[in-house]
Structure formats: C-alpha cells, structure tokens
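Here is the structure we will look at.
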Amino acid sequence: MRSMWQSFKENRRAVVCLWVLGALCVSAAFADFLTPYSFKDEARAFSYCPPTVVHIMHEGKLSRPFVYGQRMEFDTYHRRIYIEDKSARSFIKFFQSRLFTVEAPGRIYLLGADGRGRDIFSRILYGARVSLSIGLIGVTISFAIGLLVGGIAGYFGGRMDNVLMRLCEMVMMVPGFYLLLALRAAVPDSFNSLQVYASIIVILSFIGWAGLARVIRGMCLSLREREYVLAAKSMGVSDMRIIMTHILPHTVSYSLAALMLSIPGYILSESALSLIGLGIQDPYASWGNMLSESMNIVRLTFSPWILWPVFFIFITVMCFNVIGDALRDAVDPSMDQGGSR
Amino acid sequence: MLIETRRIIKTFKSHANKGLVKAVDDVSLSIKPQESLGLVGESGCGKTTLARIIMHLVSPDSGEVFFDGKVVKGAEALRLFRRKVRMVFQDPFSALDPRFTIEAVLREALVLEQKMTCSEIKERMARCLGSVGLPGDILSRYPHEFSGGERQRICIARALMTGPSLLILDEAVSSLDVLVQQQVLKTIDELRQKTGLTLLVITHNLRVARSLCQKIAVMKEGRVIEYDGVKEVFDTPKDPYTRQLMKAAFDHTLAS
C-alpha cells in the first residue's frame with residue numbers, strides 16, 4: 001500500500017484534486033456554519049437577485065464590509081432588475097452563530113438568488129451534502145455487493161459462477177438510466193425526503209454493482225489458484241474467510257481505482273434524477289434539483305447565476321476522475337505477484 | 001496404519017484430446033505411524049493430485065482415504081483431520097500470502113484449535129519457529145523479507161502449529177537451491193526424530209526421498225509401479241522405469 005500512495009503523491013494534479021474534494025467535503029459538513037442562510041430561507045422580494053457585491057468603501061471613506069440595499073425595478077422590457085440603493089447600508093457581521101451574515105433588512109447573495117430568493121451559495125453547500133454523500137454511500141454499497149458477488153462467483157466457480165454472472169448480465173443488459181427511472185417509479189410517493197434519499201442510494205447501488213462484480217470475478221478466478229489459498233484450505237480455514245482475507249484484499253488496488261472512477265456516475269445520476277424532479281424534493285437542496293429552474297431558457301438568459309451548481313458538479317466529477325486515473329496509474333503491478341519475486 | 005488410501009481413482013477431463021486423463025489410477029498406499037513414505041515420479045504422474053486427495057482438498061472418483069483406521073466423515077472428523085494432517089507446499093514464494101505478517105500466517109494455522117490465550121499462542125509460535133531454526137522476533141515481518149529457504153521454514157513452522165501427526169511435503173524443497181535444500185532437509189529430519197512425526201514426502205528428486213524415507217512408492221502415469229522399502233527400491237529396482245529414474249538421478253554422464 002505504501003508504494004501505491006507514494007506514486008500517487010507524485011501526481012501533482014491528483015493531489016490538488018484531492019485537496020479540492022477535501023475542501024468541498026469539509027464545507028459540506030460545516031454548511032450550517034459557513035453559509036449565511038439556511039437552505040430553505042426564502043425572501044420572495046429578492047427573487048432572482050443577482051450576486052451581491054461586498055463593498056468596503058462608502059462615499060470615499062474606508063468602512064467595515066457592507067452591502068447596499070437592493071431596490072427592484074422593471075426595465076423597458078418589463079424584466080425585473082435590481083439596483084443598489086446607496087442610502088441603505090447593511091453591515092456584514094462575522095462569527096455570530098454563522099461565519100458571516102448581514103444586518104437586516106439587507107440580504108447577501110454571494111452567488112445570486114433563486115426564484116424564491118434563496119441564497120444559491122448556501123444551497124450549493126447544503127446540496128453538496130446530498131450530492132457527495134449519495135455518491136460516496138452509493139458507491140460503498142454497490143462495491144460491497146460487487147466485491148462479494150464477484151468474490152463468491154470467482155472463488156467457487158462452476159454453477160455458482162454461472163448463476164451469479166447471468167444475474168450480473170441481466171442487470172447490465174438494461175440501459176442504466178431507464179432502469180433508474182423504472183426503479184424510482186416503484187418507490188411509493190408517500191415517502192418523506194429522508195426515505196426518498198435512502199431509496200435513491202439503494203437504487204443507484206443496485207445498478208452499479210454488476211460491472212465490478214464481473215471484473216472481480218475474473219481476478220478471483222486466478223487468485224484462487226495461488227498456493228496460499230490452497231494452504232489456507234488445507235488448514236481448515238472456511239471459504240468465506242478465505243475470500244475475505246486472501247482473495248478480496250488482493251483486488252484492493254484495482255477496486256480502489258475503479259471505485260473512484262465510478263463515483264462521478266452516481267453524482268451525475270442523482271443530479272439527473274433530481275433535475276427531472278424524481279430525486280431530492282424542494283425545499284431540500286441537491287445540485288440536481290437546483291438546476292431544474294434552469295430548464296427554462298428565458299430564466300437562464302436573464303439570470304445565468306442559477307447555473308452555479310453545474311460548476312460544482314463539473315469540478316467534483318473532474319476531481320474524482322483525475323484521482324481515479326492517478327490511482328489506476330499508481331496501482332503497483334508487482335504488488336500482487338507474490339512480493340519481491 | 002496412520003493413513004491409508006484404498007484404490008483411489010481420479011480422472012480429469014482433458015481439453016487437449018477431448019478425452020479423460022487418469023491422474024490417479026487405482027492407488028493403494030499406507031503409512032505406519034512414525035514411518036516416512038517417499039512418493040516419487042516425474043512431473044504429471046499424479047503425485048500432487050494424490051496428495052490433494054489425501055488432504056481432502058480434492059474428492060476422488062472412487063476409493064477411500066483412511067485416517068487412524070477410519071474414513072474421515074462429517075465436519076467434526078474433518079476438523080480433527082485438518083489439525084492432525086498438515087501439508088507443506090511446493091512454492092515457498094506463493095504459499096505465503098504477501099499481505100500477511102508472519103504472525104498472521106502462524107495465527108491463521110490455529111483456526112481450528114480450541115481457544116488459546118494470547119501468551120499460549122505467542123509461546124507456541126516461538127516454539128514452532130524455534131524448531132525450524134528461525135528466531136522468534138520475526139513475527140511482525142512480511143514474507144518478502146525472507147529468502148526461499150527461510151520461507152519454506154516458515155511454511156513448515158505453520159504446519160507444525162497444531163502439533164500434527166502426519167506432514168505431507170509436496171515437493172517442499174524442490175524449488176530451493178542445493179545448499180538450502182540440504183539445510184531444510186536436515187531440519188525436517190531433526191523434527192522427525194524429535195517429535196516422531198510421520199512424513200509423506202512427494203518429490204521427483206530421488207536423493208531427497210532416500211535421505212528422509214524408509215519406504216518408497218514410484219508413480220508413473222497415475223499408477224504405483226513400485227512400492228517397497230527404500231533399500232530394496234534403490235538397490236534392486238524391479239521396474240525398468242525405476243531403473244531409468246535411478247540412472248537419471250545418479251548417473252552424471254549425459255551420454256547414455
């Protein structure tokens with residue numbers, strides 16, 4: 001494991017991506033503190049308010065950071081526009097149960113507001129909780145299934161192998177997104193948001209395990225011929241224990257890379273589901289359902305800042321891909337060839 | 001008889017000529033307690049398959065294996081059998097999981113033992129390592145840090161952890177170079193004299209068989225073609241194939 005980590009560290013890009021992801025995860029975890037508003041804090045008067053500018057100069061004098069008030073007007077095309085009201089100043093307050101807030105009646109929208117005047121920045125951080133955790137938990141569950149099924153199929157071989165692999169093929173046969181929709185349709189609509197969240201994770205993991213199981217099975221077919229497996233058998237170690245201690249650990253380097261590379265798929269699937277309204281429901285935020293507003297092209301041209309979640313999805317997916325690639329390159333082929341032979 | 005095989009037959013499907021290959025063909029052997037039997041033959045003659053059948057890793061098509069006069073039947077009997085009959089494998093480089101420390105390797109050997117306290121386990125590990133001439137302070141190290149001979153000693157120590165009565169050595173020294181071979185053989189011989197261990201030595205090397213065994217069985221194409229005391233086989237080989245083997249092993253001139 002050490003040599004794998006070391007060659008991973010030499011890949012600068014991947015290390016940067018790891019830091020970015022780490023920062024994203026930490027901000028999601030501390031969203032309650034880092035954001036100025038809660039994800040459902042509405043202010044209808046500020047509907048589609050553009051990003052607010054934080055000022056430190058007022059009438060030529062240096063001042064505490066503050067924001068001007070926003071006055072809503074309609075332009076010649078009867079579009080809603082916001083004009084800064086220089087007479088009303090709201091100072092930014094720091095470390096008052098949240099990292100920064102602004103004095104009433106001002107509102108601070110670092111990345112703009114959505115249709116109900118909710119802060120997009122806050123919602124992105126809260127949404128990161130959902131989007132990142134669905135990716136990570138989903139991938140964990142489906143990898144647990146994939147490793148177990150692949151391990152059992154490869155280790156026992158024969159009929160067991162046949163049955164399990166046909167099962168895999170049945171799952172892989174159905175195009176992923178339609179299977180996702182079909183399974184989602186099977187979830188009762190009386191579910192509350194937490195249950196929906198859990199059911200989405202289960203659905204995503206149900207789709208994802210098959211591909212991994214096939215690869216792991218192939219690796220196990222060769223791993224089970226190793227003499228230490230035979231030795232363990234001859235000493236009376238149980239089959240499940242052999243799979244857990246002698247077979248699956250040797251696939252770790254591969255599956256770690258595969259794991260990283262498949263997380264983006266989960267994040268994107270969740271976003272797609274939420275985008276078409278089948279995933280996380282308003283008022284709860286996820287990067288996908290925040291984007292559903294931007295399906296309206298007029299809204300999008302007037303207030304392009306509602307596309308911010310795209311940027312975060314893009315960054316996250318790219319980071320996972322770069323890390324996955326780096327891990328795949330770092331997988332030391334000599335690791336599993338019986339040591340230093 | 002400590003272990004006895006009766007009319008063992010095992011056939012494999014062959015992909016090459018779409019037929020059946022008789023790997024083990026009607027083999028009956030027996031070993032008395034504290035006796036050593038050498039199973040000799042060229043590669044592919046069915047020695048290893050027979051060993052695996054004796055170990056109950058492969059089930060034979062027909063025939064039976066008796067341990068202490070009884071067929072091993074049921075989970076409980078198999079557990080006892082697994083503790084009392086241990087095997088050392090051919091390739092010391094792949095017989096130890098590269099991810100296991102020596103301590104984990106030795107601890108794994110105890111899965112079927114009754115619960116032991118930590119100090120008992122430690123003591124037994126030290127004793128087994130000591131009996132194969134290894135220091136007791138290597139427990140936290142990994143297999144790749146050891147040479148082939150040392151690894152094979154670790155394998156033997158692992159086999160000794162449960163205090164077996166029969167040790168099957170499947171080409172246990174074949175992949176080691178001659179000097180190391182000698183040392184490991186010496187260790188095994190000492191062990192046998194000290195503990196009264198019964199050995200089944202599977203080898204293609206006649207010298208190894210001669211140095212360890214009282215009886216020799218020669219296998220060819222799955223059959224036992226000669227089965228006698230070591231002196232008889234070496235001094236007056238009856239089968240032409242045995243004579244050929246002897247010649248190949250002890251005649252150093254290549255011209256024939």
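The chains in the structure tokens are called A, B, ... from first to last as shown; in each chain the residues are counted from 1, and the ligands are counted from 1 in the order shown.
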
| message | I want to know what sits within 6 Å of range 195-212 of chain A, based on only C-alpha atoms, with residues of the same chain fewer than 4 positions away left out; could you give that as a ChimeraX atom specification? | response | /A:134,138,141-143,146,168,191

Go ahead and dump the residues you just picked, all heavy atoms, as a PDB file, in the first residue's frame.
```pdb
ATOM      1  N   ILE A 134     -24.479  10.915  -1.509  1.00  0.00           N
ATOM      2  CA  ILE A 134     -25.104   9.885  -2.350  1.00  0.00           C
ATOM      3  C   ILE A 134     -24.026   9.184  -3.166  1.00  0.00           C
ATOM      4  O   ILE A 134     -24.008   7.947  -3.263  1.00  0.00           O
ATOM      5  CB  ILE A 134     -26.189  10.496  -3.265  1.00  0.00           C
ATOM      6  CG1 ILE A 134     -27.461  10.677  -2.472  1.00  0.00           C
ATOM      7  CG2 ILE A 134     -26.446   9.594  -4.471  1.00  0.00           C
ATOM      8  CD1 ILE A 134     -28.655  11.072  -3.284  1.00  0.00           C
ATOM      9  N   GLY A 138     -23.474   5.472  -2.006  1.00  0.00           N
ATOM     10  CA  GLY A 138     -23.928   4.588  -3.080  1.00  0.00           C
ATOM     11  C   GLY A 138     -22.813   3.702  -3.574  1.00  0.00           C
ATOM     12  O   GLY A 138     -22.973   2.496  -3.726  1.00  0.00           O
ATOM     13  N   ILE A 141     -21.926   0.942  -1.026  1.00  0.00           N
ATOM     14  CA  ILE A 141     -22.853  -0.190  -1.001  1.00  0.00           C
ATOM     15  C   ILE A 141     -22.682  -1.048  -2.241  1.00  0.00           C
ATOM     16  O   ILE A 141     -22.550  -2.274  -2.163  1.00  0.00           O
ATOM     17  CB  ILE A 141     -24.311   0.308  -0.902  1.00  0.00           C
ATOM     18  CG1 ILE A 141     -24.522   1.042   0.412  1.00  0.00           C
ATOM     19  CG2 ILE A 141     -25.276  -0.866  -1.007  1.00  0.00           C
ATOM     20  CD1 ILE A 141     -25.888   1.642   0.553  1.00  0.00           C
ATOM     21  N   SER A 142     -22.626  -0.389  -3.416  1.00  0.00           N
ATOM     22  CA  SER A 142     -22.586  -1.223  -4.618  1.00  0.00           C
ATOM     23  C   SER A 142     -21.253  -1.934  -4.736  1.00  0.00           C
ATOM     24  O   SER A 142     -21.182  -3.033  -5.277  1.00  0.00           O
ATOM     25  CB  SER A 142     -22.904  -0.399  -5.856  1.00  0.00           C
ATOM     26  OG  SER A 142     -21.793   0.320  -6.257  1.00  0.00           O
ATOM     27  N   PHE A 143     -20.186  -1.353  -4.167  1.00  0.00           N
ATOM     28  CA  PHE A 143     -18.919  -2.074  -4.199  1.00  0.00           C
ATOM     29  C   PHE A 143     -18.913  -3.240  -3.227  1.00  0.00           C
ATOM     30  O   PHE A 143     -18.314  -4.271  -3.504  1.00  0.00           O
ATOM     31  CB  PHE A 143     -17.745  -1.125  -3.931  1.00  0.00           C
ATOM     32  CG  PHE A 143     -17.163  -0.617  -5.202  1.00  0.00           C
ATOM     33  CD1 PHE A 143     -17.937   0.137  -6.058  1.00  0.00           C
ATOM     34  CD2 PHE A 143     -15.883  -0.940  -5.588  1.00  0.00           C
ATOM     35  CE1 PHE A 143     -17.437   0.575  -7.267  1.00  0.00           C
ATOM     36  CE2 PHE A 143     -15.375  -0.504  -6.792  1.00  0.00           C
ATOM     37  CZ  PHE A 143     -16.150   0.256  -7.628  1.00  0.00           C
ATOM     38  N   GLY A 146     -20.731  -5.782  -5.156  1.00  0.00           N
ATOM     39  CA  GLY A 146     -19.927  -6.233  -6.291  1.00  0.00           C
ATOM     40  C   GLY A 146     -18.764  -7.112  -5.864  1.00  0.00           C
ATOM     41  O   GLY A 146     -18.502  -8.154  -6.466  1.00  0.00           O
ATOM     42  N   CYS A 168     -25.681 -10.813 -13.139  1.00  0.00           N
ATOM     43  CA  CYS A 168     -24.975  -9.572 -13.462  1.00  0.00           C
ATOM     44  C   CYS A 168     -25.364  -9.096 -14.844  1.00  0.00           C
ATOM     45  O   CYS A 168     -25.644  -7.916 -15.060  1.00  0.00           O
ATOM     46  CB  CYS A 168     -23.465  -9.797 -13.485  1.00  0.00           C
ATOM     47  SG  CYS A 168     -22.739  -9.814 -11.894  1.00  0.00           S
ATOM     48  N   PHE A 191     -43.354   8.628   0.442  1.00  0.00           N
ATOM     49  CA  PHE A 191     -42.090   8.690   1.189  1.00  0.00           C
ATOM     50  C   PHE A 191     -41.737  10.122   1.558  1.00  0.00           C
ATOM     51  O   PHE A 191     -41.937  11.040   0.764  1.00  0.00           O
ATOM     52  CB  PHE A 191     -40.965   8.102   0.336  1.00  0.00           C
ATOM     53  CG  PHE A 191     -40.811   6.617   0.499  1.00  0.00           C
ATOM     54  CD1 PHE A 191     -41.838   5.849   1.017  1.00  0.00           C
ATOM     55  CD2 PHE A 191     -39.634   6.001   0.131  1.00  0.00           C
ATOM     56  CE1 PHE A 191     -41.707   4.490   1.162  1.00  0.00           C
ATOM     57  CE2 PHE A 191     -39.489   4.632   0.277  1.00  0.00           C
ATOM     58  CZ  PHE A 191     -40.527   3.875   0.792  1.00  0.00           C
TER      59      PHE A 191
END
```

| Coordinates-based distance that separates CA of Leu275 in chain A from CA of Ala186 in chain A (Å, one decimal) |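 Spanning CA of Ala186 in chain A to CA of Leu275 in chain A is a straight-line distance of 18.5 Å.
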
Any chance you could tabulate, as a Markdown table, the residues of chain B at most 8 Å from chain A with each one's nearest atom pair and distance in Å to one decimal, using only C-alpha atoms, in chain and rising number order?
```
| residue | atom | partner | partner_atom | distance |
| --- | --- | --- | --- | --- |
| B:Met55 | CA | A:Ser234 | CA | 6.7 |
| B:His56 | CA | A:Ser234 | CA | 7.9 |
| B:Leu57 | CA | A:Ser234 | CA | 6.7 |
| B:Arg79 | CA | A:Gly236 | CA | 6.8 |
| B:Arg82 | CA | A:Met235 | CA | 5.7 |
| B:Arg83 | CA | A:Met235 | CA | 7.0 |
| B:Arg86 | CA | A:Met235 | CA | 7.0 |
| B:Met87 | CA | A:Ser234 | CA | 7.1 |
| B:Val88 | CA | A:Ala231 | CA | 7.8 |
| B:Phe89 | CA | A:Glu227 | CA | 7.2 |
| B:Asp91 | CA | A:Glu227 | CA | 7.5 |
| B:Phe93 | CA | A:Gly338 | CA | 6.3 |
| B:Ser94 | CA | A:Glu227 | CA | 5.5 |
| B:Ala95 | CA | A:Tyr228 | CA | 4.2 |
| B:Leu96 | CA | A:Tyr228 | CA | 5.2 |
| B:Asp97 | CA | A:Tyr228 | CA | 5.7 |
| B:Pro98 | CA | A:Gly339 | CA | 5.6 |
| B:Glu108 | CA | A:Val237 | CA | 7.7 |
| B:Ala109 | CA | A:Met235 | CA | 6.1 |
| B:Val111 | CA | A:Val237 | CA | 6.4 |
| B:Leu112 | CA | A:Gly236 | CA | 6.6 |
| B:Pro143 | CA | A:Gly339 | CA | 7.7 |
| B:His144 | CA | A:Gly339 | CA | 5.3 |
```

Would you mind exporting the chosen residues as a PDB file, in the first residue's frame, restricted to C-alpha atoms?
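Once everything was written out, this is part09.pdb:
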```pdb
ATOM      1  CA  MET B  55      -5.610 -33.874   2.185  1.00  0.00           C
ATOM      2  CA  HIS B  56      -9.339 -33.968   1.328  1.00  0.00           C
ATOM      3  CA  LEU B  57      -8.909 -30.941  -0.897  1.00  0.00           C
ATOM      4  CA  ARG B  79     -11.724 -30.676  11.722  1.00  0.00           C
ATOM      5  CA  ARG B  82      -7.163 -30.915   9.354  1.00  0.00           C
ATOM      6  CA  ARG B  83      -5.410 -30.379  12.645  1.00  0.00           C
ATOM      7  CA  ARG B  86      -0.694 -30.792   7.534  1.00  0.00           C
ATOM      8  CA  MET B  87       0.829 -30.023   4.196  1.00  0.00           C
ATOM      9  CA  VAL B  88       3.842 -28.022   3.070  1.00  0.00           C
ATOM     10  CA  PHE B  89       3.528 -26.745  -0.467  1.00  0.00           C
ATOM     11  CA  ASP B  91       6.445 -22.966  -3.952  1.00  0.00           C
ATOM     12  CA  PHE B  93       7.030 -17.806  -2.775  1.00  0.00           C
ATOM     13  CA  SER B  94       3.333 -18.266  -3.314  1.00  0.00           C
ATOM     14  CA  ALA B  95       2.489 -20.402  -0.304  1.00  0.00           C
ATOM     15  CA  LEU B  96       2.559 -17.350   1.964  1.00  0.00           C
ATOM     16  CA  ASP B  97       0.130 -14.511   1.380  1.00  0.00           C
ATOM     17  CA  PRO B  98       2.328 -11.446   0.707  1.00  0.00           C
ATOM     18  CA  GLU B 108      -4.201 -18.483  10.728  1.00  0.00           C
ATOM     19  CA  ALA B 109      -2.890 -22.000  11.209  1.00  0.00           C
ATOM     20  CA  VAL B 111      -8.268 -21.517  13.200  1.00  0.00           C
ATOM     21  CA  LEU B 112      -9.410 -24.976  14.160  1.00  0.00           C
ATOM     22  CA  PRO B 143       7.198 -12.892   3.712  1.00  0.00           C
ATOM     23  CA  HIS B 144       9.018 -10.890   1.021  1.00  0.00           C
TER      24      HIS B 144
END
```

| said: Taking only range 22-228 of chain A into account, list the residues labelled helix (DSSP H, G or I) by DSSP (computed from the backbone), as a ChimeraX atom specification. | reply: /A:22-29,31-34,44-46,120-156,158-173,176-185,193-223,227-228

| task | Just the residues within 12 Å of Asn162 in chain A, please, counting only C-alpha atoms, with nothing from its chain fewer than 2 positions along; format it as a PyMOL selection string. | result | chain A and resi 149-150+152-154+156-160+164-169+214+217

| field | Neighbour list for Ile54 in chain B as a count of residues only, cut-off 10 Å, only C-alpha atoms, skip fewer than 6 positions in-chain | value | 12

| Residue contacts of Val208 in chain B (12 Å, only C-alpha atoms) excluding same-chain residues fewer than 4 positions away, as a ChimeraX atom specification | /B:36-40,169-174,178,181-186,188-189,200-204,212-214,216,230,249

Give me the residues near Ile121 in chain B as a compact mmCIF listing (two decimals) with N, CA, C and O atoms, in the first residue's frame, where near means some atom within 10 Å (using only C-alpha atoms) and where sequence neighbours in that chain fewer than 6 positions away do not count.
```txt
# COMPACT_ATOMS: atom_id res chain seq x y z
N GLU B 103 3.26 -13.35 11.86
CA GLU B 103 2.36 -13.62 12.98
C GLU B 103 0.97 -14.01 12.47
O GLU B 103 0.37 -14.98 12.94
N LEU B 106 1.02 -17.52 11.05
CA LEU B 106 1.02 -18.57 12.07
C LEU B 106 -0.30 -18.62 12.82
O LEU B 106 -0.79 -19.68 13.20
N ARG B 107 -0.89 -17.46 13.01
CA ARG B 107 -2.17 -17.42 13.73
C ARG B 107 -3.27 -18.09 12.91
O ARG B 107 -4.14 -18.77 13.45
N LEU B 110 -4.07 -21.66 13.32
CA LEU B 110 -4.74 -22.11 14.54
C LEU B 110 -6.25 -22.01 14.46
O LEU B 110 -6.93 -22.19 15.46
N LYS B 115 -9.86 -22.38 21.77
CA LYS B 115 -9.46 -21.02 22.16
C LYS B 115 -8.20 -21.08 23.01
O LYS B 115 -8.07 -21.86 23.94
N ARG B 127 7.89 -21.49 19.80
CA ARG B 127 8.37 -22.87 19.83
C ARG B 127 8.46 -23.44 18.40
O ARG B 127 9.46 -24.06 18.03
N MET B 161 2.10 -25.84 13.78
CA MET B 161 1.40 -25.09 14.82
C MET B 161 0.36 -25.91 15.59
O MET B 161 0.11 -25.67 16.76
```

| message | I need the strand (DSSP E or B) residues of range 165-212 of chain B per DSSP on the backbone, written as a PyMOL selection string. | response | chain B and resi 166-170+198-203

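Counting only C-alpha atoms and comparing B:Gln193, B:Thr187, B:Gln244, B:Ser43, the residue that lies closest to Ala23 in chain B is B:Ser43.
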
| task | Identify, on the basis of only C-alpha atoms, every residue whose closest approach to Val331 in chain A does not exceed 7 Å; exclude the query and any residue fewer than 3 positions from it along the same chain; express the result as a ChimeraX atom specification. | result | /A:4,253-254,327-328

| By how many Å are CA of Val24 in chain B and CA of Glu226 in chain B apart? |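 Computed distance, CA of Val24 in chain B to CA of Glu226 in chain B, equals 14.7 Å.
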
| From A:Val163, A:Ala213, A:Leu183, A:Ala45, residue lying nearest Ile145 in chain A [only C-alpha atoms] | A:Ala213
